[in-house]
>>> print(open('my_file-v3.cif').read())   # mmCIF, C-alpha atoms
data_run
#
loop_
_atom_site.label_atom_id
_atom_site.label_comp_id
_atom_site.auth_asym_id
_atom_site.auth_seq_id
_atom_site.Cartn_x
_atom_site.Cartn_y
_atom_site.Cartn_z
CA MET A 1 -24.69 -6.81 44.47
CA PRO A 2 -24.82 -9.41 47.27
CA PRO A 3 -26.07 -7.84 50.51
CA LEU A 4 -23.17 -9.03 52.67
CA ALA A 5 -20.38 -7.68 50.47
CA ASP A 6 -17.88 -5.62 52.35
CA HIS A 7 -18.19 -1.81 52.34
CA ASP A 8 -15.05 -1.06 50.28
CA GLU A 9 -15.92 -3.75 47.78
CA ARG A 10 -19.38 -2.29 47.33
CA ARG A 11 -17.98 1.17 46.73
CA ALA A 12 -15.52 -0.29 44.22
CA THR A 13 -18.36 -2.06 42.38
CA VAL A 14 -20.38 1.14 42.18
CA ALA A 15 -17.30 3.04 40.93
CA GLU A 16 -16.88 0.50 38.12
CA VAL A 17 -20.46 1.05 37.04
CA ALA A 18 -19.95 4.81 37.22
CA ALA A 19 -16.76 4.63 35.10
CA ASP A 20 -18.62 2.70 32.40
CA LEU A 21 -21.46 5.24 32.46
CA ILE A 22 -19.03 8.18 32.17
CA GLU A 23 -17.29 6.55 29.21
CA GLN A 24 -20.52 5.74 27.40
CA ARG A 25 -22.75 8.69 28.24
CA GLY A 26 -20.71 11.30 30.06
CA LEU A 27 -20.77 12.80 33.53
CA ASP A 28 -24.35 13.99 33.28
CA ALA A 29 -25.48 10.37 33.05
CA VAL A 30 -24.02 9.64 36.48
CA THR A 31 -26.98 9.85 38.84
CA PHE A 32 -27.79 7.52 41.74
CA ARG A 33 -30.83 6.40 39.72
CA GLU A 34 -28.77 5.45 36.62
CA ILE A 35 -26.07 3.81 38.73
CA ALA A 36 -28.67 1.79 40.62
CA ASP A 37 -30.35 0.68 37.38
CA ALA A 38 -27.03 -0.29 35.76
CA ALA A 39 -25.93 -2.20 38.89
CA GLY A 40 -29.29 -3.89 39.32
CA THR A 41 -29.85 -2.42 42.76
CA SER A 42 -31.78 0.44 44.36
CA THR A 43 -30.90 4.11 44.83
CA ALA A 44 -31.22 3.52 48.58
CA ILE A 45 -28.31 1.07 48.41
CA VAL A 46 -26.18 3.42 46.30
CA SER A 47 -26.85 6.32 48.66
CA HIS A 48 -25.89 4.10 51.59
CA TYR A 49 -22.36 3.94 50.18
CA PHE A 50 -21.96 7.47 48.83
CA ILE A 51 -22.94 10.77 50.45
CA ASP A 52 -23.66 12.52 47.17
CA LYS A 53 -22.69 12.64 43.50
CA LYS A 54 -19.46 14.46 44.27
CA ASP A 55 -18.40 11.76 46.74
CA LEU A 56 -19.16 9.13 44.10
CA LEU A 57 -17.25 10.99 41.38
CA ARG A 58 -14.22 11.51 43.59
CA PHE A 59 -14.16 7.84 44.45
CA THR A 60 -14.59 6.87 40.79
CA TYR A 61 -11.71 9.15 39.84
CA GLY A 62 -9.55 7.79 42.67
CA ALA A 63 -10.31 4.21 41.63
CA ALA A 64 -9.19 4.97 38.04
CA ALA A 65 -6.01 6.57 39.39
CA SER A 66 -5.37 3.56 41.66
CA ARG A 67 -5.77 1.17 38.73
CA ALA A 68 -3.16 3.14 36.75
CA ARG A 69 -0.90 3.14 39.78
CA ARG A 70 -1.26 -0.61 40.17
CA ARG A 71 -0.42 -1.10 36.47
CA LEU A 72 2.68 1.07 36.99
CA ASP A 73 3.70 -0.72 40.21
CA GLY A 74 3.07 -4.08 38.53
CA GLN A 75 5.58 -3.23 35.80
CA VAL A 76 8.22 -2.10 38.27
CA GLU A 77 7.78 -4.98 40.69
CA ALA A 78 7.58 -7.67 38.02
CA GLU A 79 11.28 -7.15 37.30
CA SER A 80 13.81 -8.61 39.72
CA GLU A 81 16.40 -6.33 38.15
CA VAL A 82 15.32 -3.04 36.68
CA ASP A 83 16.71 -1.78 33.38
CA GLU A 84 15.63 0.59 30.62
CA LYS A 85 12.89 -1.85 29.56
CA THR A 86 11.36 -1.54 33.02
CA LEU A 87 11.02 2.19 32.45
CA VAL A 88 9.42 1.59 29.04
CA GLY A 89 6.94 -0.79 30.68
CA ALA A 90 6.22 1.66 33.50
CA VAL A 91 5.48 4.52 31.11
CA GLU A 92 3.42 2.30 28.81
CA ALA A 93 1.37 1.25 31.85
CA LEU A 94 0.17 4.86 32.00
CA LEU A 95 -0.81 5.18 28.34
CA PRO A 96 -4.28 4.63 26.79
CA LEU A 97 -3.14 1.42 25.09
CA ASP A 98 -6.05 -0.88 25.88
CA LYS A 99 -9.76 -0.81 26.66
CA GLY A 100 -9.31 -0.45 30.42
CA SER A 101 -6.73 2.32 30.31
CA ARG A 102 -8.68 4.20 27.62
CA ARG A 103 -11.73 4.14 29.90
CA ASP A 104 -9.64 5.42 32.82
CA TRP A 105 -8.35 8.33 30.76
CA ARG A 106 -11.90 9.22 29.77
CA VAL A 107 -12.86 9.23 33.44
CA TRP A 108 -9.92 11.55 34.19
CA PHE A 109 -10.82 13.96 31.42
CA ALA A 110 -14.41 14.10 32.64
CA PHE A 111 -13.04 14.82 36.10
CA TRP A 112 -10.67 17.54 34.85
CA GLY A 113 -13.71 19.24 33.36
CA LEU A 114 -15.12 19.48 36.87
CA ALA A 115 -11.78 20.27 38.54
CA VAL A 116 -11.51 23.43 36.41
CA ALA A 117 -13.82 25.24 38.82
CA ASP A 118 -13.47 23.06 41.93
CA PRO A 119 -10.39 23.64 44.13
CA GLU A 120 -10.82 20.35 46.05
CA LEU A 121 -10.92 18.26 42.90
CA ALA A 122 -8.00 20.24 41.48
CA ALA A 123 -6.00 19.40 44.65
CA GLU A 124 -6.74 15.73 44.10
CA GLN A 125 -5.60 15.98 40.49
CA ARG A 126 -2.33 17.65 41.60
CA ALA A 127 -1.67 14.93 44.16
CA HIS A 128 -2.12 12.15 41.62
CA VAL A 129 0.17 13.83 39.09
CA ARG A 130 2.87 14.46 41.69
CA GLY A 131 2.57 10.88 42.97
CA ALA A 132 3.02 9.38 39.50
CA ARG A 133 5.95 11.70 38.82
CA ASP A 134 7.65 10.75 42.10
CA GLU A 135 7.28 7.10 41.22
CA LEU A 136 8.87 7.65 37.79
CA ALA A 137 11.64 9.72 39.40
CA GLY A 138 12.32 6.88 41.87
CA LEU A 139 12.64 4.39 39.03
CA ILE A 140 14.85 6.70 36.93
CA GLY A 141 17.05 7.28 40.01
CA ARG A 142 17.51 3.52 40.41
CA LEU A 143 18.40 3.18 36.71
CA VAL A 144 21.02 5.91 37.08
CA ALA A 145 22.43 4.26 40.23
CA LEU A 146 22.65 0.93 38.38
CA GLY A 147 24.45 2.53 35.44
CA HIS A 148 21.58 2.00 32.96
CA LEU A 149 21.20 5.74 32.47
CA PRO A 150 23.91 8.46 32.41
CA GLU A 151 25.08 9.47 35.87
CA ASP A 152 24.72 13.19 35.08
CA LEU A 153 21.04 12.78 34.08
CA ASP A 154 18.71 15.20 35.85
CA VAL A 155 16.34 12.72 37.48
CA GLU A 156 13.62 15.24 38.39
CA ASP A 157 13.61 16.88 34.95
CA SER A 158 13.50 13.48 33.27
CA ALA A 159 10.51 12.34 35.31
CA ARG A 160 8.82 15.68 34.57
CA ASP A 161 9.50 15.22 30.83
CA LEU A 162 8.08 11.72 30.76
CA LEU A 163 4.88 12.52 32.63
CA VAL A 164 4.28 15.61 30.49
CA VAL A 165 4.69 13.43 27.40
CA VAL A 166 2.33 10.77 28.79
CA MET A 167 -0.39 13.32 29.57
CA GLY A 168 -0.04 15.20 26.28
CA LEU A 169 -0.05 11.99 24.28
CA ALA A 170 -3.10 10.63 26.12
CA ALA A 171 -4.97 13.92 25.62
CA GLN A 172 -4.54 13.50 21.86
CA ALA A 173 -4.88 9.72 21.60
CA VAL A 174 -8.16 9.47 23.51
CA PHE A 175 -9.90 11.90 21.14
CA ASP A 176 -8.01 10.79 18.02
CA PRO A 177 -7.33 7.06 18.33
CA LYS A 178 -6.87 6.63 14.55
CA ASP A 179 -4.01 9.10 14.63
CA TRP A 180 -2.48 7.37 17.66
CA PRO A 181 -2.74 3.60 17.26
CA PRO A 182 -0.87 1.67 20.01
CA PRO A 183 2.28 1.05 17.86
CA ARG A 184 2.67 4.80 17.30
CA GLN A 185 2.19 5.53 21.01
CA ARG A 186 4.83 2.93 21.87
CA ALA A 187 7.29 4.22 19.28
CA PHE A 188 6.76 7.78 20.48
CA ILE A 189 7.49 6.84 24.10
CA ALA A 190 10.47 4.66 23.10
CA ARG A 191 11.97 7.66 21.30
CA HIS A 192 11.56 9.86 24.39
CA ILE A 193 13.06 7.26 26.70
CA ALA A 194 15.98 6.69 24.31
CA ARG A 195 16.77 10.40 24.64
CA LEU A 196 17.34 9.95 28.37
CA SER A 197 20.13 7.45 27.59
CA ARG A 198 21.80 10.04 25.40
CA GLY A 199 21.68 12.41 28.37
CA MET B 1 -25.42 44.60 24.75
CA PRO B 2 -26.54 47.26 22.22
CA PRO B 3 -29.49 46.02 20.15
CA LEU B 4 -27.92 46.85 16.79
CA ALA B 5 -24.67 44.96 17.35
CA ASP B 6 -23.80 42.61 14.56
CA HIS B 7 -24.71 38.93 14.88
CA ASP B 8 -21.14 37.53 15.07
CA GLU B 9 -20.11 40.21 17.53
CA ARG B 10 -23.06 39.36 19.77
CA ARG B 11 -22.17 35.68 19.72
CA ALA B 12 -18.56 36.56 20.55
CA THR B 13 -19.68 38.72 23.49
CA VAL B 14 -21.84 35.92 24.86
CA ALA B 15 -18.96 33.44 24.43
CA GLU B 16 -16.70 35.73 26.49
CA VAL B 17 -19.25 35.76 29.29
CA ALA B 18 -19.58 31.97 29.05
CA ALA B 19 -15.78 31.48 29.22
CA ASP B 20 -15.63 33.58 32.41
CA LEU B 21 -18.48 31.58 33.93
CA ILE B 22 -16.82 28.26 33.07
CA GLU B 23 -13.55 29.40 34.64
CA GLN B 24 -15.20 30.67 37.81
CA ARG B 25 -18.01 28.21 38.38
CA GLY B 26 -17.71 25.37 35.89
CA LEU B 27 -19.80 24.08 33.03
CA ASP B 28 -22.90 23.54 35.15
CA ALA B 29 -23.08 27.30 35.74
CA VAL B 30 -23.48 27.91 32.03
CA THR B 31 -27.21 28.35 31.52
CA PHE B 32 -28.99 30.92 29.33
CA ARG B 33 -30.29 32.45 32.58
CA GLU B 34 -26.82 32.89 34.12
CA ILE B 35 -25.34 34.12 30.84
CA ALA B 36 -28.11 36.68 30.46
CA ASP B 37 -27.67 37.89 34.06
CA ALA B 38 -23.88 38.18 33.70
CA ALA B 39 -24.22 40.01 30.37
CA GLY B 40 -26.98 42.29 31.65
CA THR B 41 -29.48 41.10 29.08
CA SER B 42 -32.41 38.71 28.82
CA THR B 43 -32.56 34.97 28.14
CA ALA B 44 -34.66 35.79 25.04
CA ILE B 45 -31.71 37.71 23.59
CA VAL B 46 -29.24 34.89 24.42
CA SER B 47 -31.53 32.29 22.86
CA HIS B 48 -31.83 34.45 19.75
CA TYR B 49 -28.11 33.92 19.15
CA PHE B 50 -27.71 30.31 20.26
CA ILE B 51 -29.96 27.34 19.51
CA ASP B 52 -29.19 25.58 22.79
CA LYS B 53 -26.54 25.10 25.45
CA LYS B 54 -24.52 22.77 23.22
CA ASP B 55 -24.42 25.37 20.42
CA LEU B 56 -23.23 27.95 22.96
CA LEU B 57 -20.56 25.64 24.41
CA ARG B 58 -19.23 24.70 20.98
CA PHE B 59 -18.99 28.33 20.03
CA THR B 60 -17.28 29.18 23.34
CA TYR B 61 -14.78 26.39 22.79
CA GLY B 62 -14.20 27.47 19.18
CA ALA B 63 -13.65 31.06 20.30
CA ALA B 64 -11.00 29.94 22.83
CA ALA B 65 -9.31 27.86 20.11
CA SER B 66 -9.41 30.82 17.69
CA ARG B 67 -7.80 33.09 20.29
CA ALA B 68 -4.95 30.59 20.75
CA ARG B 69 -4.59 30.33 16.99
CA ARG B 70 -4.41 34.10 16.65
CA ARG B 71 -1.74 34.25 19.37
CA LEU B 72 0.21 31.59 17.45
CA ASP B 73 -0.25 33.32 14.07
CA GLY B 74 0.67 36.65 15.65
CA GLN B 75 4.02 35.25 16.76
CA VAL B 76 4.78 33.78 13.36
CA GLU B 77 3.69 36.80 11.33
CA ALA B 78 5.37 39.35 13.60
CA GLU B 79 8.75 38.13 12.35
CA SER B 80 9.91 39.21 8.93
CA GLU B 81 12.49 36.46 9.06
CA VAL B 82 11.75 33.34 11.06
CA ASP B 83 14.37 31.71 13.23
CA GLU B 84 14.46 29.43 16.27
CA LYS B 85 13.13 32.26 18.46
CA THR B 86 10.01 32.39 16.30
CA LEU B 87 9.36 28.75 17.16
CA VAL B 88 9.86 29.47 20.86
CA GLY B 89 7.36 32.34 20.58
CA ALA B 90 4.87 30.19 18.67
CA VAL B 91 4.96 27.40 21.24
CA GLU B 92 4.81 29.84 24.16
CA ALA B 93 1.71 31.38 22.55
CA LEU B 94 -0.02 28.06 23.21
CA LEU B 95 0.96 27.74 26.88
CA PRO B 96 -1.06 28.83 29.96
CA LEU B 97 1.36 31.70 30.69
CA ASP B 98 -1.10 34.52 31.38
CA LYS B 99 -4.62 35.14 32.60
CA GLY B 100 -6.23 34.90 29.17
CA SER B 101 -4.50 31.71 28.08
CA ARG B 102 -5.11 30.07 31.48
CA ARG B 103 -8.82 30.78 31.07
CA ASP B 104 -8.79 29.33 27.57
CA TRP B 105 -7.16 26.13 28.82
CA ARG B 106 -9.81 25.82 31.52
CA VAL B 107 -12.50 26.18 28.88
CA TRP B 108 -10.83 23.41 26.84
CA PHE B 109 -10.58 21.07 29.80
CA ALA B 110 -14.24 21.64 30.59
CA PHE B 111 -15.00 20.85 26.96
CA TRP B 112 -12.86 17.68 26.95
CA GLY B 113 -14.95 16.50 29.86
CA LEU B 114 -17.99 16.67 27.59
CA ALA B 115 -16.17 15.39 24.49
CA VAL B 116 -15.42 12.13 26.34
CA ALA B 117 -18.92 10.88 25.53
CA ASP B 118 -19.83 13.11 22.58
CA PRO B 119 -18.47 12.10 19.15
CA GLU B 120 -19.23 15.51 17.55
CA LEU B 121 -17.33 17.42 20.21
CA ALA B 122 -14.48 14.88 20.03
CA ALA B 123 -14.27 15.51 16.25
CA GLU B 124 -13.98 19.22 16.90
CA GLN B 125 -11.21 18.60 19.44
CA ARG B 126 -9.33 16.43 16.89
CA ALA B 127 -9.60 19.10 14.22
CA HIS B 128 -8.18 21.79 16.49
CA VAL B 129 -5.26 19.61 17.58
CA ARG B 130 -4.43 18.64 14.00
CA GLY B 131 -4.69 22.27 12.86
CA ALA B 132 -2.27 23.49 15.53
CA ARG B 133 0.13 20.66 14.73
CA ASP B 134 0.05 21.44 11.01
CA GLU B 135 0.84 25.06 11.77
CA LEU B 136 3.83 24.06 13.93
CA ALA B 137 4.97 21.61 11.24
CA GLY B 138 4.80 24.40 8.62
CA LEU B 139 6.96 26.65 10.77
CA ILE B 140 9.48 23.87 11.57
CA GLY B 141 9.65 23.06 7.83
CA ARG B 142 10.50 26.70 7.08
CA LEU B 143 13.20 26.69 9.77
CA VAL B 144 14.74 23.55 8.24
CA ALA B 145 14.61 25.08 4.74
CA LEU B 146 16.33 28.23 6.04
CA GLY B 147 19.06 26.19 7.73
CA HIS B 148 18.00 27.10 11.29
CA LEU B 149 17.26 23.45 12.09
CA PRO B 150 19.10 20.30 10.89
CA GLU B 151 18.11 19.26 7.37
CA ASP B 152 17.56 15.65 8.42
CA LEU B 153 15.07 16.65 11.14
CA ASP B 154 11.74 14.77 10.93
CA VAL B 155 9.37 17.73 10.63
CA GLU B 156 6.16 15.79 11.37
CA ASP B 157 7.63 14.01 14.39
CA SER B 158 9.00 17.27 15.74
CA ALA B 159 5.65 19.04 15.46
CA ARG B 160 4.01 16.03 17.11
CA ASP B 161 6.57 16.17 19.95
CA LEU B 162 6.04 19.86 20.58
CA LEU B 163 2.25 19.73 20.65
CA VAL B 164 2.29 16.70 22.95
CA VAL B 165 4.60 18.60 25.29
CA VAL B 166 2.38 21.72 25.17
CA MET B 167 -0.76 19.74 26.01
CA GLY B 168 0.87 17.66 28.76
CA LEU B 169 2.46 20.71 30.32
CA ALA B 170 -0.79 22.68 30.22
CA ALA B 171 -2.69 19.77 31.77
CA GLN B 172 -0.32 19.90 34.75
CA ALA B 173 0.20 23.68 34.96
CA VAL B 174 -3.49 24.60 34.99
CA PHE B 175 -4.17 22.41 38.04
CA ASP B 176 -0.78 23.00 39.68
CA PRO B 177 0.29 26.57 38.89
CA LYS B 178 2.69 26.71 41.87
CA ASP B 179 4.61 23.78 40.46
CA TRP B 180 4.65 25.34 36.99
CA PRO B 181 5.32 29.09 37.28
CA PRO B 182 5.83 30.78 33.87
CA PRO B 183 9.67 30.72 34.07
CA ARG B 184 9.62 26.93 34.53
CA GLN B 185 7.17 26.50 31.64
CA ARG B 186 9.42 28.62 29.42
CA ALA B 187 12.60 26.77 30.45
CA PHE B 188 10.88 23.44 29.86
CA ILE B 189 9.83 24.40 26.33
CA ALA B 190 13.22 25.97 25.55
CA ARG B 191 14.86 22.66 26.48
CA HIS B 192 12.55 20.73 24.16
CA ILE B 193 13.10 23.13 21.28
CA ALA B 194 16.88 23.06 21.80
CA ARG B 195 16.70 19.29 21.29
CA LEU B 196 15.36 19.81 17.78
CA SER B 197 18.54 21.72 16.89
CA ARG B 198 20.60 18.76 18.02
CA GLY B 199 18.54 16.59 15.64
#
>>> encode(input="my_file-v3.cif", output="structure tokens")
Amino acid sequence: MPPLADHDERRATVAEVAADLIEQRGLDAVTFREIADAAGTSTAIVSHYFIDKKDLLRFTYGAAASRARRRLDGQVEAESEVDEKTLVGAVEALLPLDKGSRRDWRVWFAFWGLAVADPELAAEQRAHVRGARDELAGLIGRLVALGHLPEDLDVEDSARDLLVVVMGLAAQAVFDPKDWPPPRQRAFIARHIARLSRG
Amino acid sequence: MPPLADHDERRATVAEVAADLIEQRGLDAVTFREIADAAGTSTAIVSHYFIDKKDLLRFTYGAAASRARRRLDGQVEAESEVDEKTLVGAVEALLPLDKGSRRDWRVWFAFWGLAVADPELAAEQRAHVRGARDELAGLIGRLVALGHLPEDLDVEDSARDLLVVVMGLAAQAVFDPKDWPPPRQRAFIARHIARLSRG
């Protein structure tokens, strides 16, 4: 890492290295020593940017969540006019459909394993889930207002349904990718979104 | 633990202690030392029953999965004649609706965190998911044969839907129990099962 890189950029670089380590060797492999070796720097540099392992893990988790959020926002904003396809794209942006998103899901699962017994991490997990759900609800609300979805659709319930389906599908697909190739994931989601149209 | 207890029973007792430790203090708290202290025995006894920490964790995970399976089987077998309510009971048996099932979900999440970078543990996770899905598919198939569900219902897809919903709901409810009190979990599942009847 170049010495003059900006603070946030440095933290982001370290978080990328940590995400790769988690995916390949699990949480236990994430030490300042391993991170420093993988990033070609020293533990002194890593510890300049992160207080401790927990700080590093929280940032790594947050970075994975932000990437998913950017993928979701990218789908919504790419469309000048939103329609049902926008919703399909938004939901697909959250699924483990490619290398990057599969890695992010693995990072989340590793983090959930810690959040089980850590109230602070659990609070962070809650906030991310509620944020993603609110974003889906906002999009579904716009689709209803534009007449693309039935006007009597329960927007909150529909957003809840879709995020439950995304999380349940990802939890299976990440550990059983042969059973959930991308076409099956897409078909599964398409079927759930089509149900919204039927009210 | 009494010295003459049977081998399997001893392992089951240790797994109970381990599940409590995971729920309260996380995976890192699970050491032979902590287990022995919590069970009022010695590390020599614990290591007589488990080769290493991984052996203990796999058994603890398997025990949680077996408990869920027994709850599911119990619902199905309790009914002399199965109907839609049997399916509701079977799915509810898998949800984090009480203290015991919430603990089991926490154990699973802790385990997923490890399975992320451990192919053997991931294989175990796959097998449990597929087993639960097959059991749901068997029950849905019986309900179709008995005329309780539409004859053109896709049994495999329906079982897939329900288990995805169970896992996604649990992943939210365990970290956000205020947002998912038991009545909301039950209503959510009832709504998904009612959809099967509509085909």
>>> closest_atom_pairs(input="my_file-v3.cif", of="chain A", to="chain B", cutoff="7 Å", atoms="all atoms listed in the file", output="JSON lines")
{"residue": "A:Glu23", "atom": "CA", "partner": "B:Ala117", "partner_atom": "CA", "distance": 5.9}
{"residue": "A:Gln24", "atom": "CA", "partner": "B:Ala117", "partner_atom": "CA", "distance": 5.7}
{"residue": "A:Arg25", "atom": "CA", "partner": "B:Ala117", "partner_atom": "CA", "distance": 5.2}
{"residue": "A:Gly26", "atom": "CA", "partner": "B:Ala117", "partner_atom": "CA", "distance": 4.9}
{"residue": "A:Arg106", "atom": "CA", "partner": "B:Val116", "partner_atom": "CA", "distance": 5.7}
{"residue": "A:Phe109", "atom": "CA", "partner": "B:Gly113", "partner_atom": "CA", "distance": 5.1}
{"residue": "A:Ala110", "atom": "CA", "partner": "B:Gly113", "partner_atom": "CA", "distance": 3.7}
{"residue": "A:Phe111", "atom": "CA", "partner": "B:Gly113", "partner_atom": "CA", "distance": 6.7}
{"residue": "A:Trp112", "atom": "CA", "partner": "B:Phe109", "partner_atom": "CA", "distance": 6.2}
{"residue": "A:Gly113", "atom": "CA", "partner": "B:Ala110", "partner_atom": "CA", "distance": 3.7}
{"residue": "A:Leu114", "atom": "CA", "partner": "B:Gly26", "partner_atom": "CA", "distance": 6.5}
{"residue": "A:Val116", "atom": "CA", "partner": "B:Arg106", "partner_atom": "CA", "distance": 5.7}
{"residue": "A:Ala117", "atom": "CA", "partner": "B:Gly26", "partner_atom": "CA", "distance": 4.9}
{"residue": "A:Ala122", "atom": "CA", "partner": "B:Phe175", "partner_atom": "CA", "distance": 5.6}
{"residue": "A:Arg126", "atom": "CA", "partner": "B:Asp176", "partner_atom": "CA", "distance": 5.9}
{"residue": "A:Val164", "atom": "CA", "partner": "B:Gly168", "partner_atom": "CA", "distance": 4.3}
{"residue": "A:Val165", "atom": "CA", "partner": "B:Val165", "partner_atom": "CA", "distance": 5.6}
{"residue": "A:Met167", "atom": "CA", "partner": "B:Gly168", "partner_atom": "CA", "distance": 4.6}
{"residue": "A:Gly168", "atom": "CA", "partner": "B:Gly168", "partner_atom": "CA", "distance": 3.6}
{"residue": "A:Leu169", "atom": "CA", "partner": "B:Val164", "partner_atom": "CA", "distance": 5.4}
{"residue": "A:Phe175", "atom": "CA", "partner": "B:Ala122", "partner_atom": "CA", "distance": 5.6}
{"residue": "A:Asp176", "atom": "CA", "partner": "B:Arg126", "partner_atom": "CA", "distance": 5.9}
>>> write_last_selection(input="my_file-v3.cif", atoms="C-alpha atoms", output="mmCIF file, in the frame of the given file")
data_model
loop_
_atom_site.group_PDB
_atom_site.id
_atom_site.type_symbol
_atom_site.label_atom_id
_atom_site.label_comp_id
_atom_site.auth_asym_id
_atom_site.auth_seq_id
_atom_site.Cartn_x
_atom_site.Cartn_y
_atom_site.Cartn_z
ATOM 1 C CA GLU A 23 -17.290 6.550 29.210
ATOM 2 C CA GLN A 24 -20.520 5.740 27.400
ATOM 3 C CA ARG A 25 -22.750 8.690 28.240
ATOM 4 C CA GLY A 26 -20.710 11.300 30.060
ATOM 5 C CA ARG A 106 -11.900 9.220 29.770
ATOM 6 C CA PHE A 109 -10.820 13.960 31.420
ATOM 7 C CA ALA A 110 -14.410 14.100 32.640
ATOM 8 C CA PHE A 111 -13.040 14.820 36.100
ATOM 9 C CA TRP A 112 -10.670 17.540 34.850
ATOM 10 C CA GLY A 113 -13.710 19.240 33.360
ATOM 11 C CA LEU A 114 -15.120 19.480 36.870
ATOM 12 C CA VAL A 116 -11.510 23.430 36.410
ATOM 13 C CA ALA A 117 -13.820 25.240 38.820
ATOM 14 C CA ALA A 122 -8.000 20.240 41.480
ATOM 15 C CA ARG A 126 -2.330 17.650 41.600
ATOM 16 C CA VAL A 164 4.280 15.610 30.490
ATOM 17 C CA VAL A 165 4.690 13.430 27.400
ATOM 18 C CA MET A 167 -0.390 13.320 29.570
ATOM 19 C CA GLY A 168 -0.040 15.200 26.280
ATOM 20 C CA LEU A 169 -0.050 11.990 24.280
ATOM 21 C CA PHE A 175 -9.900 11.900 21.140
ATOM 22 C CA ASP A 176 -8.010 10.790 18.020
#
>>> resolve_selection(input="my_file-v3.cif", expression="the PyMOL selection byres ((chain A and resi 155) around 12)", output="MDAnalysis selection string")
chainID A and resid 133:145 149:154 156:162 196:197 199
>>> resolve_selection(input="my_file-v3.cif", expression="the PyMOL selection byres ((chain B and resi 95) around 8)", output="list in words")
Val91, Glu92, Ala93, Leu94, Pro96, Leu97, Ser101, Arg102, Val166, Leu169, Ala170 and Gln185 of chain B
>>> resolve_selection(input="my_file-v3.cif", expression="the PyMOL selection byres ((chain B and resi 53) around 12)", output="PyMOL selection string")
chain B and resi 14-15+18+27-35+43+46-47+49-52+54-60
>>> residues_around(input="my_file-v3.cif", residues="Gly89 in chain B", least_positions_apart="6", cutoff="9 Å", atoms="all atoms listed in the file", output="ChimeraX atom specification")
/B:72,75-76
>>> write_last_selection(input="my_file-v3.cif", atoms="C-alpha atoms", output="short mmCIF file (atom, residue, chain, number, x, y, z; two decimals), in the frame of the given file")
data_model
loop_
_atom_site.label_atom_id
_atom_site.label_comp_id
_atom_site.auth_asym_id
_atom_site.auth_seq_id
_atom_site.Cartn_x
_atom_site.Cartn_y
_atom_site.Cartn_z
CA LEU B 72 0.21 31.59 17.45
CA GLN B 75 4.02 35.25 16.76
CA VAL B 76 4.78 33.78 13.36
#
>>> closest_residue(input="my_file-v3.cif", among="A:Arg186, A:His48, A:Arg198, A:Arg71", to="Arg10 in chain A", atoms="all atoms listed in the file")
A:His48
>>> atom_distance(input="my_file-v3.cif", atom1="CA of Arg184 in chain A", atom2="CA of Asp83 in chain A")
22.3 Å
>>> atom_distance(input="my_file-v3.cif", atom1="CA of Gly62 in chain A", atom2="CA of Ala12 in chain A")
10.2 Å
>>> residues_around(input="my_file-v3.cif", residues="Glu77 in chain B", least_positions_apart="5", cutoff="10 Å", atoms="all atoms listed in the file", output="MDAnalysis selection string")
chainID B and resid 72 82 86 90
>>> atom_distance(input="my_file-v3.cif", atom1="CA of His148 in chain B", atom2="CA of Asp98 in chain B")
28.7 Å
>>> axis_aligned_box(input="my_file-v3.cif", around="range 64-72 of chain A", padding_each_side="8 Å", output="JSON")
{"center_x": -3.3, "center_y": 2.7, "center_z": 39.1, "size_x": 27.9, "size_y": 23.7, "size_z": 21.2}
